[in-house]
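As provided, target-v7.tsv (TSV, C-alpha atoms) reads as follows.
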```tsv
chain	number	residue	atom	x	y	z
K	49	MET	CA	31.86	83.87	66.11
K	50	PRO	CA	31.11	80.30	64.98
K	51	GLU	CA	28.31	78.56	66.81
K	52	PHE	CA	30.40	75.73	68.23
K	53	LEU	CA	32.95	78.15	69.72
K	54	ASP	CA	30.12	79.89	71.55
K	55	ALA	CA	28.85	76.55	72.85
K	56	ALA	CA	32.35	75.59	74.00
K	57	LEU	CA	33.03	78.89	75.76
K	58	SER	CA	29.81	78.56	77.76
K	59	ARG	CA	31.30	75.35	79.20
K	60	PRO	CA	34.70	76.28	80.75
K	61	ASN	CA	34.98	72.75	82.11
K	62	LEU	CA	35.08	71.34	78.60
K	63	VAL	CA	37.75	73.83	77.52
K	64	ALA	CA	39.93	72.96	80.53
K	65	PHE	CA	39.43	69.25	79.80
K	66	VAL	CA	40.50	69.68	76.16
K	67	VAL	CA	43.57	71.74	77.12
K	68	LEU	CA	44.72	69.23	79.75
K	69	LEU	CA	44.06	66.21	77.51
K	70	LEU	CA	45.97	67.63	74.53
K	71	TRP	CA	48.84	68.91	76.66
K	72	GLY	CA	49.21	65.53	78.38
K	73	LEU	CA	49.09	63.66	75.06
K	74	TYR	CA	51.66	66.02	73.56
K	75	ILE	CA	54.05	65.50	76.47
K	76	THR	CA	53.56	61.73	76.33
K	77	ILE	CA	54.46	61.72	72.64
K	78	THR	CA	57.32	64.21	72.52
K	79	HIS	CA	59.30	64.10	75.78
K	80	HIS	CA	62.37	61.89	75.98
K	81	ASN	CA	62.38	61.40	79.74
K	82	LEU	CA	60.36	58.40	80.95
K	83	VAL	CA	59.10	59.98	84.19
K	84	LYS	CA	57.96	63.07	82.28
K	85	LYS	CA	56.03	60.81	79.90
K	86	LEU	CA	54.27	59.28	82.93
K	87	ILE	CA	53.38	62.77	84.20
K	88	GLY	CA	51.75	63.45	80.81
K	89	LEU	CA	49.85	60.17	80.99
K	90	TYR	CA	48.65	61.06	84.50
K	91	LEU	CA	47.34	64.39	83.17
K	92	VAL	CA	45.42	62.58	80.39
K	93	GLN	CA	43.80	60.19	82.86
K	94	THR	CA	42.81	62.84	85.40
K	95	SER	CA	41.42	65.15	82.71
K	96	VAL	CA	39.09	62.44	81.39
K	97	ILE	CA	37.94	61.66	84.96
K	98	PHE	CA	37.40	65.39	85.51
K	99	PHE	CA	35.14	65.58	82.45
K	100	LEU	CA	33.14	62.52	83.55
K	101	VAL	CA	32.53	63.96	87.02
K	102	THR	CA	31.37	67.29	85.62
K	103	THR	CA	28.69	65.52	83.55
K	104	GLY	CA	27.05	64.46	86.83
K	105	ALA	CA	26.67	68.01	88.16
K	106	LYS	CA	23.14	69.38	88.60
K	107	GLU	CA	22.17	72.95	89.21
K	108	GLY	CA	21.12	73.55	92.82
K	109	ALA	CA	21.70	69.95	93.87
K	110	THR	CA	23.71	68.70	96.85
K	111	VAL	CA	26.02	65.81	97.73
K	112	PRO	CA	24.27	62.43	97.13
K	113	VAL	CA	23.82	61.54	100.79
K	114	ILE	CA	20.12	61.01	101.53
K	115	LEU	CA	18.84	63.01	104.49
K	116	ASP	CA	16.75	60.77	106.72
K	117	GLY	CA	13.16	61.64	107.61
K	118	MET	CA	12.62	64.11	104.77
K	119	GLY	CA	9.82	62.16	103.12
K	120	PRO	CA	10.06	60.74	99.59
K	121	VAL	CA	13.37	61.37	97.81
K	122	THR	CA	13.35	63.56	94.70
K	123	ALA	CA	16.18	62.83	92.30
K	124	ASP	CA	16.63	66.49	91.31
K	125	ALA	CA	17.79	67.45	94.81
K	126	TYR	CA	20.91	65.28	94.65
K	127	VAL	CA	23.86	65.17	92.26
K	128	ASN	CA	23.95	62.22	89.84
K	129	PRO	CA	25.92	59.51	91.74
K	130	LEU	CA	26.69	57.18	88.83
K	131	PRO	CA	29.63	59.10	87.22
K	132	GLN	CA	31.14	59.41	90.69
K	133	VAL	CA	30.96	55.65	91.28
K	134	LEU	CA	32.50	54.83	87.91
K	135	THR	CA	35.29	57.38	88.34
K	136	LEU	CA	36.13	56.06	91.81
K	137	THR	CA	36.95	52.74	90.14
K	138	ALA	CA	38.87	54.56	87.40
K	139	ILE	CA	41.03	56.48	89.92
K	140	VAL	CA	42.02	53.30	91.75
K	141	VAL	CA	42.87	51.51	88.48
K	142	GLN	CA	44.85	54.57	87.38
K	143	ILE	CA	46.98	54.40	90.53
K	144	ALA	CA	47.53	50.65	90.03
K	145	THR	CA	48.76	51.14	86.45
K	146	LEU	CA	50.89	54.11	87.55
K	147	GLY	CA	52.56	51.92	90.18
K	148	VAL	CA	53.36	49.20	87.65
K	149	SER	CA	54.73	51.68	85.11
K	150	LEU	CA	56.90	53.38	87.75
K	151	GLY	CA	58.18	49.93	88.72
K	152	LEU	CA	59.07	49.34	85.07
K	153	VAL	CA	60.86	52.70	84.92
K	154	SER	CA	62.87	51.89	88.03
K	155	ARG	CA	63.77	48.47	86.61
K	156	ILE	CA	64.86	50.06	83.31
K	157	TYR	CA	67.06	52.46	85.25
K	158	ARG	CA	68.64	49.59	87.17
K	159	LYS	CA	69.51	47.82	83.92
K	160	PHE	CA	70.48	50.72	81.63
K	161	GLY	CA	71.51	53.45	84.08
K	162	SER	CA	69.40	56.16	82.43
K	163	LEU	CA	65.87	57.50	82.17
K	164	ASP	CA	66.46	59.10	78.78
K	165	GLU	CA	64.88	57.32	75.83
K	166	ASP	CA	67.75	58.05	73.42
K	167	GLN	CA	70.44	56.77	75.80
K	168	ILE	CA	68.42	53.59	76.46
K	169	LEU	CA	67.98	53.00	72.72
K	170	ALA	CA	71.71	53.61	72.16
K	171	LYS	CA	72.56	51.01	74.83
K	172	LEU	CA	70.14	48.49	73.33
K	173	GLU	CA	72.03	48.44	70.03
I	70	MET	CA	25.40	77.92	83.71
I	71	THR	CA	28.77	78.25	85.44
I	72	TYR	CA	29.60	78.42	89.11
I	73	SER	CA	31.36	81.59	90.27
I	74	PHE	CA	34.16	79.71	92.02
I	75	GLU	CA	34.90	77.77	88.91
I	76	LEU	CA	36.97	80.02	86.65
I	77	PRO	CA	39.79	80.84	89.13
I	78	LEU	CA	40.06	77.18	90.11
I	79	LEU	CA	40.21	76.08	86.47
I	80	VAL	CA	42.95	78.65	85.81
I	81	LEU	CA	44.90	77.37	88.81
I	82	LEU	CA	44.40	73.80	87.55
I	83	ILE	CA	45.85	74.58	84.13
I	84	LEU	CA	48.68	76.64	85.68
I	85	THR	CA	49.80	73.83	88.00
I	86	ALA	CA	49.51	71.25	85.21
I	87	GLY	CA	51.58	73.48	82.92
I	88	GLY	CA	54.12	73.97	85.70
I	89	ALA	CA	54.43	70.21	86.18
I	90	ILE	CA	55.13	69.86	82.48
I	91	ILE	CA	57.45	72.84	81.93
I	92	VAL	CA	59.62	72.66	85.07
I	93	LYS	CA	62.90	70.88	84.31
I	94	ASP	CA	63.62	69.47	87.76
I	95	LEU	CA	61.59	66.28	88.09
I	96	ILE	CA	61.10	66.48	91.89
I	97	SER	CA	59.53	69.96	91.55
I	98	ALA	CA	57.39	68.67	88.67
I	99	VAL	CA	56.05	65.84	90.82
I	100	LEU	CA	55.25	68.19	93.71
I	101	LEU	CA	53.42	70.53	91.31
I	102	LEU	CA	51.47	67.50	90.10
I	103	GLY	CA	50.44	66.87	93.72
I	104	SER	CA	49.08	70.42	94.03
I	105	TYR	CA	47.27	69.90	90.70
I	106	SER	CA	45.54	66.90	92.26
I	107	PHE	CA	44.51	69.00	95.26
I	108	PHE	CA	42.93	71.68	93.04
I	109	LEU	CA	41.11	68.90	91.16
I	110	ALA	CA	39.78	67.55	94.46
I	111	LEU	CA	38.65	71.08	95.44
I	112	ILE	CA	36.66	71.50	92.20
I	113	TRP	CA	35.01	68.10	92.66
I	114	ALA	CA	34.08	68.87	96.25
I	115	TRP	CA	32.33	72.02	95.02
I	116	LEU	CA	30.55	70.13	92.24
I	117	GLY	CA	29.00	67.82	94.85
I	118	ALA	CA	31.28	64.84	94.27
I	119	ALA	CA	32.55	64.54	97.85
I	120	ASP	CA	33.63	60.89	97.63
I	121	VAL	CA	35.63	61.41	94.43
I	122	ALA	CA	37.27	64.46	96.01
I	123	PHE	CA	38.34	62.42	99.06
I	124	VAL	CA	39.76	59.66	96.88
I	125	GLU	CA	41.61	62.12	94.63
I	126	ALA	CA	43.11	63.96	97.62
I	127	VAL	CA	44.26	60.75	99.31
I	128	VAL	CA	45.17	58.57	96.33
I	129	GLY	CA	45.98	61.11	93.61
I	130	ALA	CA	47.75	63.79	95.63
I	131	GLY	CA	49.13	61.50	98.34
I	132	LEU	CA	49.88	58.04	97.00
I	133	ALA	CA	50.79	59.02	93.41
I	134	THR	CA	53.23	61.69	94.66
I	135	VAL	CA	54.82	59.15	97.02
I	136	PHE	CA	55.16	56.64	94.15
I	137	PHE	CA	56.77	59.23	91.89
I	138	LEU	CA	59.15	60.40	94.64
I	139	LEU	CA	60.15	56.83	95.55
I	140	THR	CA	60.99	56.17	91.90
I	141	LEU	CA	62.99	59.40	91.64
I	142	PHE	CA	64.92	58.62	94.84
I	143	ARG	CA	65.82	55.15	93.53
I	144	THR	CA	67.06	56.60	90.27
I	145	ALA	CA	69.93	59.06	90.12
I	146	PRO	CA	69.08	62.76	90.65
I	147	ALA	CA	71.79	63.62	88.12
I	148	ASP	CA	69.55	62.19	85.44
I	149	THR	CA	66.60	64.39	86.34
I	150	ARG	CA	67.62	67.25	84.02
I	151	ILE	CA	65.84	67.20	80.71
I	152	ARG	CA	66.88	68.73	77.43
I	153	ARG	CA	64.28	70.28	75.16
I	154	PRO	CA	62.88	67.74	72.67
I	155	ARG	CA	62.22	68.43	69.01
I	156	PRO	CA	58.47	67.79	68.41
I	157	PRO	CA	57.47	65.43	65.57
I	158	VAL	CA	55.34	66.93	62.80
I	159	VAL	CA	52.46	64.50	63.40
I	160	ALA	CA	51.99	65.70	66.99
I	161	VAL	CA	52.05	69.36	66.00
I	162	PHE	CA	49.29	68.92	63.40
I	163	ALA	CA	47.16	66.04	64.68
I	164	LEU	CA	46.69	67.20	68.27
I	165	PRO	CA	45.21	70.68	67.51
I	166	LEU	CA	42.90	68.97	65.02
I	167	LEU	CA	41.74	66.59	67.76
I	168	GLY	CA	41.15	69.54	70.08
I	169	LEU	CA	39.12	71.35	67.45
I	170	LEU	CA	36.98	68.23	66.94
I	171	LEU	CA	36.39	67.93	70.69
I	172	LEU	CA	35.37	71.60	70.93
I	173	TYR	CA	33.15	71.17	67.85
I	174	ALA	CA	31.33	68.35	69.69
I	175	ALA	CA	30.40	70.85	72.42
I	176	ASN	CA	27.38	71.81	70.31
I	177	ASP	CA	25.76	68.43	70.95
I	178	LEU	CA	26.54	68.19	74.65
I	179	PRO	CA	23.83	68.92	77.23
I	180	GLY	CA	24.26	72.14	79.20
I	181	PHE	CA	26.55	72.04	82.19
I	182	GLY	CA	24.54	71.43	85.37
I	183	ASP	CA	21.38	70.58	83.44
I	184	PRO	CA	19.14	68.36	85.61
I	185	ALA	CA	17.52	66.85	82.47
I	186	SER	CA	20.79	65.80	80.81
I	187	PRO	CA	20.73	62.22	79.45
I	188	ALA	CA	23.24	61.03	82.05
I	189	SER	CA	20.91	62.10	84.86
I	190	ILE	CA	17.53	60.79	83.70
I	191	HIS	CA	18.17	57.14	82.78
I	192	VAL	CA	19.00	54.92	85.78
I	193	SER	CA	20.41	57.37	88.28
I	194	PRO	CA	16.98	58.55	89.62
I	195	HIS	CA	16.17	54.91	90.40
I	196	TYR	CA	19.32	54.59	92.53
I	197	LEU	CA	18.69	57.92	94.25
I	198	GLU	CA	15.07	57.16	95.11
I	199	ASN	CA	15.38	53.52	96.16
I	200	SER	CA	18.82	53.04	97.65
I	201	LEU	CA	17.88	54.11	101.17
I	202	ALA	CA	15.01	51.60	101.27
I	203	ASP	CA	17.04	48.87	99.56
I	204	THR	CA	20.34	49.08	101.39
I	205	LYS	CA	19.74	51.25	104.50
I	206	THR	CA	22.79	53.31	103.51
I	207	PRO	CA	22.35	57.10	103.26
I	208	ASN	CA	25.37	57.59	100.98
I	209	VAL	CA	24.18	56.66	97.49
I	210	VAL	CA	27.69	56.52	96.03
I	211	ASN	CA	28.66	54.01	98.70
I	212	SER	CA	25.57	51.84	98.23
I	213	VAL	CA	25.99	51.72	94.43
I	214	LEU	CA	29.69	50.93	94.76
I	215	MET	CA	29.39	48.28	97.45
I	216	ASP	CA	25.90	46.83	96.89
I	217	TYR	CA	24.52	47.29	93.38
I	218	ARG	CA	27.91	47.03	91.67
I	219	ALA	CA	29.76	44.90	94.23
I	220	LEU	CA	31.08	42.50	91.58
I	221	ASP	CA	32.68	45.43	89.76
I	222	THR	CA	34.45	46.47	92.96
I	223	LEU	CA	35.59	42.88	93.57
I	224	ILE	CA	37.24	42.73	90.14
I	225	GLU	CA	38.79	46.13	90.87
I	226	THR	CA	40.52	44.67	93.93
I	227	VAL	CA	41.76	41.85	91.67
I	228	VAL	CA	43.29	44.53	89.41
I	229	VAL	CA	45.01	46.17	92.37
I	230	PHE	CA	46.28	42.78	93.60
I	231	THR	CA	47.64	41.95	90.13
I	232	SER	CA	49.47	45.26	89.93
I	233	GLY	CA	50.93	44.65	93.40
I	234	VAL	CA	52.23	41.24	92.28
I	235	ALA	CA	53.64	42.81	89.10
I	236	CYS	CA	55.43	45.50	91.13
I	237	TRP	CA	56.89	42.86	93.45
I	238	LEU	CA	58.16	40.81	90.52
I	239	LEU	CA	59.67	43.90	88.89
I	240	LEU	CA	61.36	45.34	91.96
I	241	ARG	CA	62.76	42.27	93.77
I	242	ARG	CA	66.50	41.82	93.90
I	243	ASP	CA	68.02	39.55	91.25
I	244	PRO	CA	68.85	36.09	92.64
I	245	GLU	CA	72.40	35.99	91.25
```
Structure encoded using structure tokens:
Amino acid sequence: MPEFLDAALSRPNLVAFVVLLLWGLYITITHHNLVKKLIGLYLVQTSVIFFLVTTGAKEGATVPVILDGMGPVTADAYVNPLPQVLTLTAIVVQIATLGVSLGLVSRIYRKFGSLDEDQILAKLE
Amino acid sequence: MTYSFELPLLVLLILTAGGAIIVKDLISAVLLLGSYSFFLALIWAWLGAADVAFVEAVVGAGLATVFFLLTLFRTAPADTRIRRPRPPVVAVFALPLLGLLLLYAANDLPGFGDPASPASIHVSPHYLENSLADTKTPNVVNSVLMDYRALDTLIETVVVFTSGVACWLLLRRDPE
């Protein structure tokens, strides 16, 4: 077995991330229905966020809420908070862009009467 | 190192995502996507990312599903059947290559759950050790989000406001 395959299989998170990312990208490229394309895009976004959060995990660490009166804080006892903060922002921005794109889809349907790419292109000509 | 809960949850994650993609009825696909978000939130809660799990459960599984369903109710349900597309050659060849490259990069990544990984030894110990004294807030995620990086969060609300204005402009009735 090649070395990199061994390294990948010892990280199931990475394998799940790659599967979800590629599947979402494939759907975004190939499907003809606009809502299905948005579902693929949503999968791409959540898979990247999933990978970022897993980089912050620490073995034997707990939720980053400091317990009061425990003396000086050791960083190894708490999960890395920075990826969590950055992904919180990313999730909110993801929902904002999803709302705008769904608004666009609904507007396109009102004008062309279809969610299918081919029918919309046929009506444009 | 892997957690014991992890493998079944990852399998469920990929199964629900695949269901959301394969199922032909769009309403069922959106509901499967909501359950996918809940499994994602469950994994994050177990990894110690409680705040991200809350946000994903409320915003990802709740709000995104409601957005999708509202769009599908405004558009005709007769249009929600999809025929099978013919994949372009570029997608069939380029995407597996990309996946292979990503898996090849696994060699250089730090081990999963490694306390000495580069992401965990640069600035994050400073936040963990000083945030209680600096901000009097026990939740470090909260204090970084609202105190240390407050400007970032302010611009984020500007993004949300802009998208709200864009949605209003897109969805208002035509004046004629």
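With distances taken over all atoms listed in the file, I:Val121 is the one residue among I:Leu166, I:Val121, I:Ala110, I:Leu138 lying closest to chain K.
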Find the residues around I:Thr222 up to 12 Å (all atoms listed in the file counted), leave out those fewer than 3 positions away in its own chain, and share them as a PyMOL selection string.
-> (chain K and resi 133-138+140-141) or (chain I and resi 211-219+225-229)
Neighbours of K:Gly161 within 12 Å (all atoms listed in the file; same-chain residues fewer than 3 positions away dropped), as a VMD selection string? (chain K and resid 153 to 158 164 to 165 167 to 172) or (chain I and resid 143 to 148)
TODO: Please check which residues have atoms at most 9 Å from (44.1, 65.9, 76.3) in the file's coordinates, counting only C-alpha atoms, and write them as a VMD selection string.
DONE: (chain K and resid 65 to 74 91 to 93 95 to 96) or (chain I and resid 164 167 to 168)
- Item | Interface residues on chain K facing chain I, 6 Å, all atoms listed in the file, written as a VMD selection string | chain K and resid 52 55 to 56 78 to 79 105 to 107 110 to 114 121 123 128 to 129 133 136 144 148 151
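Between atom CA of I:Leu223 and atom CA of K:Ile87 lies a distance of 28.3 Å.
Of the listed residues (K:Ser162, K:Thr94, K:Tyr126, K:Glu173), K:Tyr126 comes nearest to K:Ala109; the distances count all atoms listed in the file.
If you measure from each of K:Leu115, K:Gln132, K:Pro120, K:Ser149 to K:Leu82 using all atoms listed in the file, the closest one turns out to be K:Ser149.
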